[in-house]
Amino acid sequence: MPLMNVLQAVNETLKQEMRRDDRVVVFGEDVGHEGGVFRATVDLQKEFGKDRCMDTPLAESGIVGVGIGMGLNGLIPVVEIQFMGFVYPAFNQIITHVARMRNRSRGRYTVPMTIRMPYGGGIRALEHHSESTEALFAHIPGLKVVVPSTPYDTKGLLASAIRDEDPVIFLEPKRIYRAFKQEVPEEEYLIPIGKAKVVKEGEDITIISWGASMREVLKATEMAEGKGIYPEVIDLRTIAPIDRETVIQSVKKTGRVLIVHEAPKTGGVGGELISIINEKAFLHLEAPPSRLTGFDTVFPLPKGEHHYIPSPERILKKITETVNYLT
C-alpha cells in the first residue's frame, strides 16, 4: 500500500475519477500547464488533455459560472479556487445558483460540482491566503462542506464529493498538504459525506475538531493523557451536514466537550455545535461546553501566525479547565 501525503491523495483521486468517468473535468487558475500553485493537479493535463484539464482567467466568478453551465449540461466539473480567500468574487454564483439549482427546478436540474479550495493558515502566506471561512458555506442550504484531515480521508471524501449529484465545497487544509504521509489504498474507495470519525476513544471529555487542527488536538491529547485525562477525539470531517448522532453520543458518554477550530470564534461552526449539544445533551453535561478558536480578527501576517492558530499547549490548558470545572 503506497504512502501518500494529502496533496498526493488529492492528485491521485482526481486522476482515478477522471479515468473512471470521462465527464469529469478539472479547471481553475494555473491547474493545467503548471499543475496548480501547490501542484495538486500536476500531470492531469498531460494525461487527459486540455479539454479536460484547463487553465482559466483570473476570474473566480467566471470559473464557478462556467462550472454551473457544465454541470447543468451533463459534465461533472471539479473547479479549483486557488486560495479560499479568493472565493468571494464567486460567492454570488455559489449562493444564487450553485446551491439553489435543485430547489429552483424542483429537482429537475442539479449542479454536480466540486469546488476545491486550499484553506487555513500556517504556511506564512500573505493576506487573503490563509482564510478559514467554512462557516459561511455551512450556512447556505444546498451546499455540502467537507474538510479532510488525513491523506486516507482526503481520497475517500474527495471521490464521494465528485460522485455526489449535488455541489460540494471541498476544503483542503494546506498546512498539512505535505506534513505527513499515510498508507492509502491504490484502489477506489468512498468515505460517506456527513459522517464524523471517532479518532480516539476516551471518557473524560469530548474534543471535536477538523482539518489541520486535528494534528494539534491529537498532540494535546497525548499531553493530557500524561496528566491522567483521557479525551475522546472526534474528527468532524463534514461541516455540513453535521453528524449530530456521533457528537451527541460522545458528549453523553463524557459529559464535557471542547471544540477546537482555526476560524474566528464569533459565528463559527463551534457555536453551532454547542447549540446542538445544549439542545440534545444538556442534562448529561458536567461543565459548560467550551471553545478554543482563532481570534475575531483578520488572519495575521506570518510573524503572528503562531499566536493565532490554537497550539497544543493552549488546547491542553482548555482541556484541563473544562475537566476541572467546579473541582
# chains A, B, ... in the order shown; residues from 1 in each chain; ligands from 1

$ residues_around --residues "Glu131 of chain A" --least-positions-apart "4" --cutoff "12 Å" --atoms "only C-alpha atoms" --output "ChimeraX atom specification"
/A:82-88,117-123,125-127,135-136,171-175,262-264,294,297-301,305,309

$ write_last_selection --atoms "C-alpha atoms" --output "mmCIF file, in the first residue's frame"
data_model
loop_
_atom_site.group_PDB
_atom_site.id
_atom_site.type_symbol
_atom_site.label_atom_id
_atom_site.label_comp_id
_atom_site.auth_asym_id
_atom_site.auth_seq_id
_atom_site.Cartn_x
_atom_site.Cartn_y
_atom_site.Cartn_z
ATOM 1 C CA GLN A 82 -6.506 28.914 -5.870
ATOM 2 C CA PHE A 83 -6.881 30.056 -2.241
ATOM 3 C CA MET A 84 -10.014 30.186 -0.097
ATOM 4 C CA GLY A 85 -9.503 33.924 0.349
ATOM 5 C CA PHE A 86 -10.040 34.367 -3.393
ATOM 6 C CA VAL A 87 -13.512 32.806 -3.443
ATOM 7 C CA TYR A 88 -15.502 35.913 -2.565
ATOM 8 C CA MET A 117 -10.052 25.233 -2.146
ATOM 9 C CA PRO A 118 -6.786 25.199 -0.202
ATOM 10 C CA TYR A 119 -7.762 26.765 3.110
ATOM 11 C CA GLY A 120 -6.459 27.765 6.521
ATOM 12 C CA GLY A 121 -3.219 29.280 7.729
ATOM 13 C CA GLY A 122 0.169 28.060 8.799
ATOM 14 C CA ILE A 123 2.234 28.429 5.616
ATOM 15 C CA ALA A 125 1.385 33.407 3.337
ATOM 16 C CA LEU A 126 0.206 36.902 2.511
ATOM 17 C CA GLU A 127 -3.199 38.415 3.237
ATOM 18 C CA ALA A 135 -18.996 28.686 8.402
ATOM 19 C CA LEU A 136 -20.033 30.992 5.529
ATOM 20 C CA LEU A 171 -11.669 22.458 1.728
ATOM 21 C CA GLU A 172 -8.078 21.231 1.739
ATOM 22 C CA PRO A 173 -6.027 22.306 4.795
ATOM 23 C CA LYS A 174 -2.848 23.467 3.127
ATOM 24 C CA ARG A 175 -0.869 23.431 6.396
ATOM 25 C CA GLU A 262 -8.874 27.791 13.470
ATOM 26 C CA ALA A 263 -11.641 30.057 12.189
ATOM 27 C CA PRO A 264 -12.726 33.130 14.189
ATOM 28 C CA GLY A 294 -8.913 31.675 16.181
ATOM 29 C CA THR A 297 -9.506 39.429 13.766
ATOM 30 C CA VAL A 298 -8.171 39.242 10.238
ATOM 31 C CA PHE A 299 -5.709 36.364 9.996
ATOM 32 C CA PRO A 300 -2.276 37.843 10.806
ATOM 33 C CA LEU A 301 0.768 38.086 8.609
ATOM 34 C CA GLU A 305 0.512 33.068 12.868
ATOM 35 C CA ILE A 309 -3.637 29.208 15.435
#

$ select_by_dssp --residues "segment 62-218 of chain A" --states "strand (DSSP E or B)" --output "PyMOL selection string"
chain A and resi 76-80+114-119+144-146+168-173+182-183+197-200+205-209

$ write_last_selection --atoms "N, CA and C atoms" --output "PDB file, in the first residue's frame"
ATOM      1  N   ILE A  76     -19.250  16.791 -15.164  1.00  0.00           N
ATOM      2  CA  ILE A  76     -19.007  16.787 -13.720  1.00  0.00           C
ATOM      3  C   ILE A  76     -17.798  17.678 -13.463  1.00  0.00           C
ATOM      4  N   PRO A  77     -18.032  18.966 -13.224  1.00  0.00           N
ATOM      5  CA  PRO A  77     -16.920  19.899 -13.045  1.00  0.00           C
ATOM      6  C   PRO A  77     -16.291  19.819 -11.658  1.00  0.00           C
ATOM      7  N   VAL A  78     -14.969  19.805 -11.644  1.00  0.00           N
ATOM      8  CA  VAL A  78     -14.203  19.935 -10.402  1.00  0.00           C
ATOM      9  C   VAL A  78     -13.374  21.195 -10.562  1.00  0.00           C
ATOM     10  N   VAL A  79     -13.788  22.253  -9.881  1.00  0.00           N
ATOM     11  CA  VAL A  79     -13.114  23.536 -10.063  1.00  0.00           C
ATOM     12  C   VAL A  79     -12.225  23.829  -8.857  1.00  0.00           C
ATOM     13  N   GLU A  80     -11.114  24.477  -9.133  1.00  0.00           N
ATOM     14  CA  GLU A  80     -10.198  24.875  -8.061  1.00  0.00           C
ATOM     15  C   GLU A  80     -10.205  26.386  -7.914  1.00  0.00           C
ATOM     16  N   THR A 114     -17.843  19.978  -7.695  1.00  0.00           N
ATOM     17  CA  THR A 114     -16.973  20.023  -6.528  1.00  0.00           C
ATOM     18  C   THR A 114     -16.112  21.270  -6.644  1.00  0.00           C
ATOM     19  N   ILE A 115     -16.161  22.100  -5.612  1.00  0.00           N
ATOM     20  CA  ILE A 115     -15.339  23.313  -5.581  1.00  0.00           C
ATOM     21  C   ILE A 115     -14.229  23.100  -4.571  1.00  0.00           C
ATOM     22  N   ARG A 116     -13.019  22.867  -5.072  1.00  0.00           N
ATOM     23  CA  ARG A 116     -11.850  22.626  -4.220  1.00  0.00           C
ATOM     24  C   ARG A 116     -11.176  23.942  -3.857  1.00  0.00           C
ATOM     25  N   MET A 117     -10.767  24.035  -2.588  1.00  0.00           N
ATOM     26  CA  MET A 117     -10.052  25.233  -2.146  1.00  0.00           C
ATOM     27  C   MET A 117      -9.012  24.885  -1.101  1.00  0.00           C
ATOM     28  N   PRO A 118      -7.744  25.245  -1.305  1.00  0.00           N
ATOM     29  CA  PRO A 118      -6.786  25.199  -0.202  1.00  0.00           C
ATOM     30  C   PRO A 118      -7.222  26.225   0.844  1.00  0.00           C
ATOM     31  N   TYR A 119      -7.259  25.818   2.117  1.00  0.00           N
ATOM     32  CA  TYR A 119      -7.762  26.765   3.110  1.00  0.00           C
ATOM     33  C   TYR A 119      -6.973  26.684   4.410  1.00  0.00           C
ATOM     34  N   LYS A 144     -22.904  21.146   0.563  1.00  0.00           N
ATOM     35  CA  LYS A 144     -22.216  20.265   1.500  1.00  0.00           C
ATOM     36  C   LYS A 144     -20.789  20.794   1.659  1.00  0.00           C
ATOM     37  N   VAL A 145     -20.277  20.727   2.878  1.00  0.00           N
ATOM     38  CA  VAL A 145     -18.952  21.282   3.158  1.00  0.00           C
ATOM     39  C   VAL A 145     -18.103  20.210   3.828  1.00  0.00           C
ATOM     40  N   VAL A 146     -16.990  19.875   3.196  1.00  0.00           N
ATOM     41  CA  VAL A 146     -16.149  18.765   3.644  1.00  0.00           C
ATOM     42  C   VAL A 146     -14.733  19.259   3.909  1.00  0.00           C
ATOM     43  N   VAL A 168     -20.517  20.264  -3.717  1.00  0.00           N
ATOM     44  CA  VAL A 168     -19.731  20.055  -2.503  1.00  0.00           C
ATOM     45  C   VAL A 168     -18.590  21.065  -2.462  1.00  0.00           C
ATOM     46  N   ILE A 169     -18.480  21.767  -1.352  1.00  0.00           N
ATOM     47  CA  ILE A 169     -17.328  22.626  -1.096  1.00  0.00           C
ATOM     48  C   ILE A 169     -16.280  21.757  -0.411  1.00  0.00           C
ATOM     49  N   PHE A 170     -15.148  21.550  -1.067  1.00  0.00           N
ATOM     50  CA  PHE A 170     -14.120  20.647  -0.554  1.00  0.00           C
ATOM     51  C   PHE A 170     -12.904  21.473  -0.136  1.00  0.00           C
ATOM     52  N   LEU A 171     -12.717  21.596   1.172  1.00  0.00           N
ATOM     53  CA  LEU A 171     -11.669  22.458   1.728  1.00  0.00           C
ATOM     54  C   LEU A 171     -10.450  21.632   2.102  1.00  0.00           C
ATOM     55  N   GLU A 172      -9.318  21.979   1.534  1.00  0.00           N
ATOM     56  CA  GLU A 172      -8.078  21.231   1.739  1.00  0.00           C
ATOM     57  C   GLU A 172      -7.132  22.025   2.636  1.00  0.00           C
ATOM     58  N   PRO A 173      -6.876  21.551   3.858  1.00  0.00           N
ATOM     59  CA  PRO A 173      -6.027  22.306   4.795  1.00  0.00           C
ATOM     60  C   PRO A 173      -4.578  22.319   4.311  1.00  0.00           C
ATOM     61  N   GLN A 182       0.752   8.736   4.895  1.00  0.00           N
ATOM     62  CA  GLN A 182      -0.074   7.688   5.458  1.00  0.00           C
ATOM     63  C   GLN A 182      -0.314   6.648   4.369  1.00  0.00           C
ATOM     64  N   GLU A 183      -0.531   5.410   4.772  1.00  0.00           N
ATOM     65  CA  GLU A 183      -0.866   4.389   3.795  1.00  0.00           C
ATOM     66  C   GLU A 183      -2.252   4.670   3.202  1.00  0.00           C
ATOM     67  N   LYS A 197     -15.785  10.899  12.449  1.00  0.00           N
ATOM     68  CA  LYS A 197     -14.962   9.743  12.830  1.00  0.00           C
ATOM     69  C   LYS A 197     -14.477   9.913  14.263  1.00  0.00           C
ATOM     70  N   VAL A 198     -14.695   8.897  15.081  1.00  0.00           N
ATOM     71  CA  VAL A 198     -14.118   8.896  16.432  1.00  0.00           C
ATOM     72  C   VAL A 198     -12.674   8.415  16.285  1.00  0.00           C
ATOM     73  N   VAL A 199     -11.748   9.366  16.366  1.00  0.00           N
ATOM     74  CA  VAL A 199     -10.333   9.068  16.136  1.00  0.00           C
ATOM     75  C   VAL A 199      -9.711   8.379  17.348  1.00  0.00           C
ATOM     76  N   LYS A 200     -10.144   8.783  18.525  1.00  0.00           N
ATOM     77  CA  LYS A 200      -9.613   8.216  19.764  1.00  0.00           C
ATOM     78  C   LYS A 200     -10.737   8.139  20.779  1.00  0.00           C
ATOM     79  N   ILE A 205     -13.585  13.787  28.461  1.00  0.00           N
ATOM     80  CA  ILE A 205     -14.026  14.973  27.713  1.00  0.00           C
ATOM     81  C   ILE A 205     -14.047  14.624  26.231  1.00  0.00           C
ATOM     82  N   THR A 206     -15.009  15.176  25.525  1.00  0.00           N
ATOM     83  CA  THR A 206     -15.070  15.032  24.067  1.00  0.00           C
ATOM     84  C   THR A 206     -14.406  16.248  23.424  1.00  0.00           C
ATOM     85  N   ILE A 207     -13.473  16.021  22.528  1.00  0.00           N
ATOM     86  CA  ILE A 207     -12.854  17.113  21.776  1.00  0.00           C
ATOM     87  C   ILE A 207     -13.250  16.943  20.320  1.00  0.00           C
ATOM     88  N   ILE A 208     -13.835  17.989  19.741  1.00  0.00           N
ATOM     89  CA  ILE A 208     -14.298  17.956  18.351  1.00  0.00           C
ATOM     90  C   ILE A 208     -13.471  18.944  17.538  1.00  0.00           C
ATOM     91  N   SER A 209     -12.944  18.490  16.424  1.00  0.00           N
ATOM     92  CA  SER A 209     -12.180  19.378  15.557  1.00  0.00           C
ATOM     93  C   SER A 209     -12.251  18.861  14.131  1.00  0.00           C
TER      94      SER A 209
END

$ atom_distance --atom1 "atom CA of Glu12 of chain A" --atom2 "atom CA of Asp153 of chain A"
12.8 Å

$ closest_residue --among "A:Ser311, A:Val42, A:Ile248, A:Gly271" --to "His284 of chain A" --atoms "only C-alpha atoms"
A:Ile248

$ select_by_dssp --residues "segment 173-298 of chain A" --states "alpha helix (DSSP H)" --output "ChimeraX atom specification"
/A:213-225,244-254,269-281

$ residues_around --residues "segment 221-234 of chain A" --least-positions-apart "6" --cutoff "10 Å" --atoms "only C-alpha atoms" --output "VMD selection string"
chain A and resid 196 to 210 214 to 215 246 to 247 250 to 251 253 to 254 256 to 259 312 to 313 315 to 317 319 to 320 323

$ write_last_selection --atoms "N, CA and C atoms" --output "compact mmCIF listing (two decimals), in the first residue's frame"
# COMPACT_ATOMS: atom_id res chain seq x y z
N ALA A 196 -18.94 11.71 10.81
CA ALA A 196 -17.74 12.02 11.58
C ALA A 196 -17.00 10.74 11.94
N LYS A 197 -15.79 10.90 12.45
CA LYS A 197 -14.96 9.74 12.83
C LYS A 197 -14.48 9.91 14.26
N VAL A 198 -14.70 8.90 15.08
CA VAL A 198 -14.12 8.90 16.43
C VAL A 198 -12.67 8.42 16.29
N VAL A 199 -11.75 9.37 16.37
CA VAL A 199 -10.33 9.07 16.14
C VAL A 199 -9.71 8.38 17.35
N LYS A 200 -10.14 8.78 18.53
CA LYS A 200 -9.61 8.22 19.76
C LYS A 200 -10.74 8.14 20.78
N GLU A 201 -10.92 6.99 21.38
CA GLU A 201 -11.95 6.83 22.40
C GLU A 201 -11.41 7.25 23.77
N GLY A 202 -12.28 7.89 24.55
CA GLY A 202 -11.89 8.35 25.88
C GLY A 202 -13.12 8.48 26.76
N GLU A 203 -12.92 9.02 27.95
CA GLU A 203 -14.03 9.04 28.91
C GLU A 203 -14.20 10.36 29.65
N ASP A 204 -13.20 11.24 29.60
CA ASP A 204 -13.24 12.43 30.45
C ASP A 204 -13.78 13.67 29.76
N ILE A 205 -13.59 13.79 28.46
CA ILE A 205 -14.03 14.97 27.71
C ILE A 205 -14.05 14.62 26.23
N THR A 206 -15.01 15.18 25.52
CA THR A 206 -15.07 15.03 24.07
C THR A 206 -14.41 16.25 23.42
N ILE A 207 -13.47 16.02 22.53
CA ILE A 207 -12.85 17.11 21.78
C ILE A 207 -13.25 16.94 20.32
N ILE A 208 -13.84 17.99 19.74
CA ILE A 208 -14.30 17.96 18.35
C ILE A 208 -13.47 18.94 17.54
N SER A 209 -12.94 18.49 16.42
CA SER A 209 -12.18 19.38 15.56
C SER A 209 -12.25 18.86 14.13
N TRP A 210 -11.49 19.49 13.23
CA TRP A 210 -11.46 19.07 11.82
C TRP A 210 -10.27 19.71 11.14
N MET A 214 -6.71 19.07 13.73
CA MET A 214 -6.69 17.73 14.30
C MET A 214 -5.29 17.35 14.77
N ARG A 215 -4.27 17.81 14.07
CA ARG A 215 -2.89 17.48 14.46
C ARG A 215 -2.56 18.06 15.84
N THR A 246 -23.14 11.18 16.15
CA THR A 246 -21.83 10.86 16.71
C THR A 246 -21.44 11.85 17.79
N VAL A 247 -21.70 13.13 17.55
CA VAL A 247 -21.36 14.18 18.52
C VAL A 247 -22.13 13.97 19.82
N SER A 250 -21.17 10.89 21.92
CA SER A 250 -19.91 11.06 22.63
C SER A 250 -20.05 11.97 23.84
N VAL A 251 -20.76 13.09 23.66
CA VAL A 251 -20.92 14.04 24.77
C VAL A 251 -21.72 13.42 25.92
N LYS A 253 -21.61 10.42 26.74
CA LYS A 253 -20.68 9.49 27.36
C LYS A 253 -19.69 10.20 28.29
N THR A 254 -19.13 11.35 27.84
CA THR A 254 -18.06 12.00 28.60
C THR A 254 -18.56 13.11 29.53
N ARG A 256 -18.51 16.26 29.00
CA ARG A 256 -17.79 17.52 28.79
C ARG A 256 -17.40 17.61 27.32
N VAL A 257 -17.25 18.84 26.82
CA VAL A 257 -16.90 18.97 25.41
C VAL A 257 -16.07 20.23 25.19
N LEU A 258 -15.10 20.09 24.30
CA LEU A 258 -14.28 21.20 23.83
C LEU A 258 -14.24 21.14 22.32
N ILE A 259 -14.54 22.28 21.66
CA ILE A 259 -14.48 22.36 20.20
C ILE A 259 -13.28 23.22 19.83
N PRO A 312 -1.06 23.15 20.71
CA PRO A 312 -1.30 22.05 21.66
C PRO A 312 -1.30 22.53 23.12
N GLU A 313 -0.45 23.49 23.43
CA GLU A 313 -0.37 23.99 24.81
C GLU A 313 -1.64 24.72 25.20
N ILE A 315 -4.58 24.26 23.80
CA ILE A 315 -5.64 23.25 23.83
C ILE A 315 -5.59 22.48 25.15
N LEU A 316 -4.39 22.09 25.58
CA LEU A 316 -4.24 21.36 26.84
C LEU A 316 -4.77 22.18 28.01
N LYS A 317 -4.47 23.47 28.01
CA LYS A 317 -4.95 24.35 29.09
C LYS A 317 -6.47 24.36 29.14
N ILE A 319 -8.50 22.01 27.91
CA ILE A 319 -8.94 20.68 28.34
C ILE A 319 -8.95 20.60 29.85
N THR A 320 -7.85 21.02 30.46
CA THR A 320 -7.72 20.95 31.92
C THR A 320 -8.76 21.80 32.62
N VAL A 323 -12.23 20.02 32.25
CA VAL A 323 -12.33 18.80 33.06
C VAL A 323 -12.40 19.12 34.55

$ closest_residue --among "A:Asn5, A:Ile176, A:Lys46, A:His139" --to "Ala99 of chain A" --atoms "only C-alpha atoms"
A:His139

$ closest_residue --among "A:Ser213, A:Asn11, A:Gln45, A:Thr96" --to "Val25 of chain A" --atoms "only C-alpha atoms"
A:Gln45

$ residues_around --residues "Gln249 of chain A" --least-positions-apart "6" --cutoff "10 Å" --atoms "only C-alpha atoms" --output "PyMOL selection string"
chain A and resi 277+280-281

$ write_last_selection --atoms "C-alpha atoms" --output "PDB file, in the first residue's frame"
ATOM      1  CA  ILE A 277     -25.163  19.831  22.302  1.00  0.00           C
ATOM      2  CA  LYS A 280     -29.736  17.306  22.728  1.00  0.00           C
ATOM      3  CA  ALA A 281     -27.377  16.521  25.621  1.00  0.00           C
TER       4      ALA A 281
END

$ residues_around --residues "Val98 of chain A" --least-positions-apart "2" --cutoff "7 Å" --atoms "only C-alpha atoms" --output "NGL selection string"
:A and (68 or 93-96 or 100-101 or 111 or 167)

$ atom_distance --atom1 "atom CA of Arg291 of chain A" --atom2 "atom CA of Ser149 of chain A"
19.3 Å

$ atom_distance --atom1 "atom CA of Glu279 of chain A" --atom2 "atom CA of Gly267 of chain A"
17.8 Å

$ closest_residue --among "A:Asp243, A:Lys252, A:Leu190, A:Ala220" --to "Arg314 of chain A" --atoms "only C-alpha atoms"
A:Ala220

$ closest_residue --among "A:Asn103, A:Val26, A:Phe91, A:Glu165" --to "Gly74 of chain A" --atoms "only C-alpha atoms"
A:Glu165

$ closest_residue --among "A:Arg124, A:Lys318, A:Lys195, A:Arg163" --to "His306 of chain A" --atoms "only C-alpha atoms"
A:Arg124
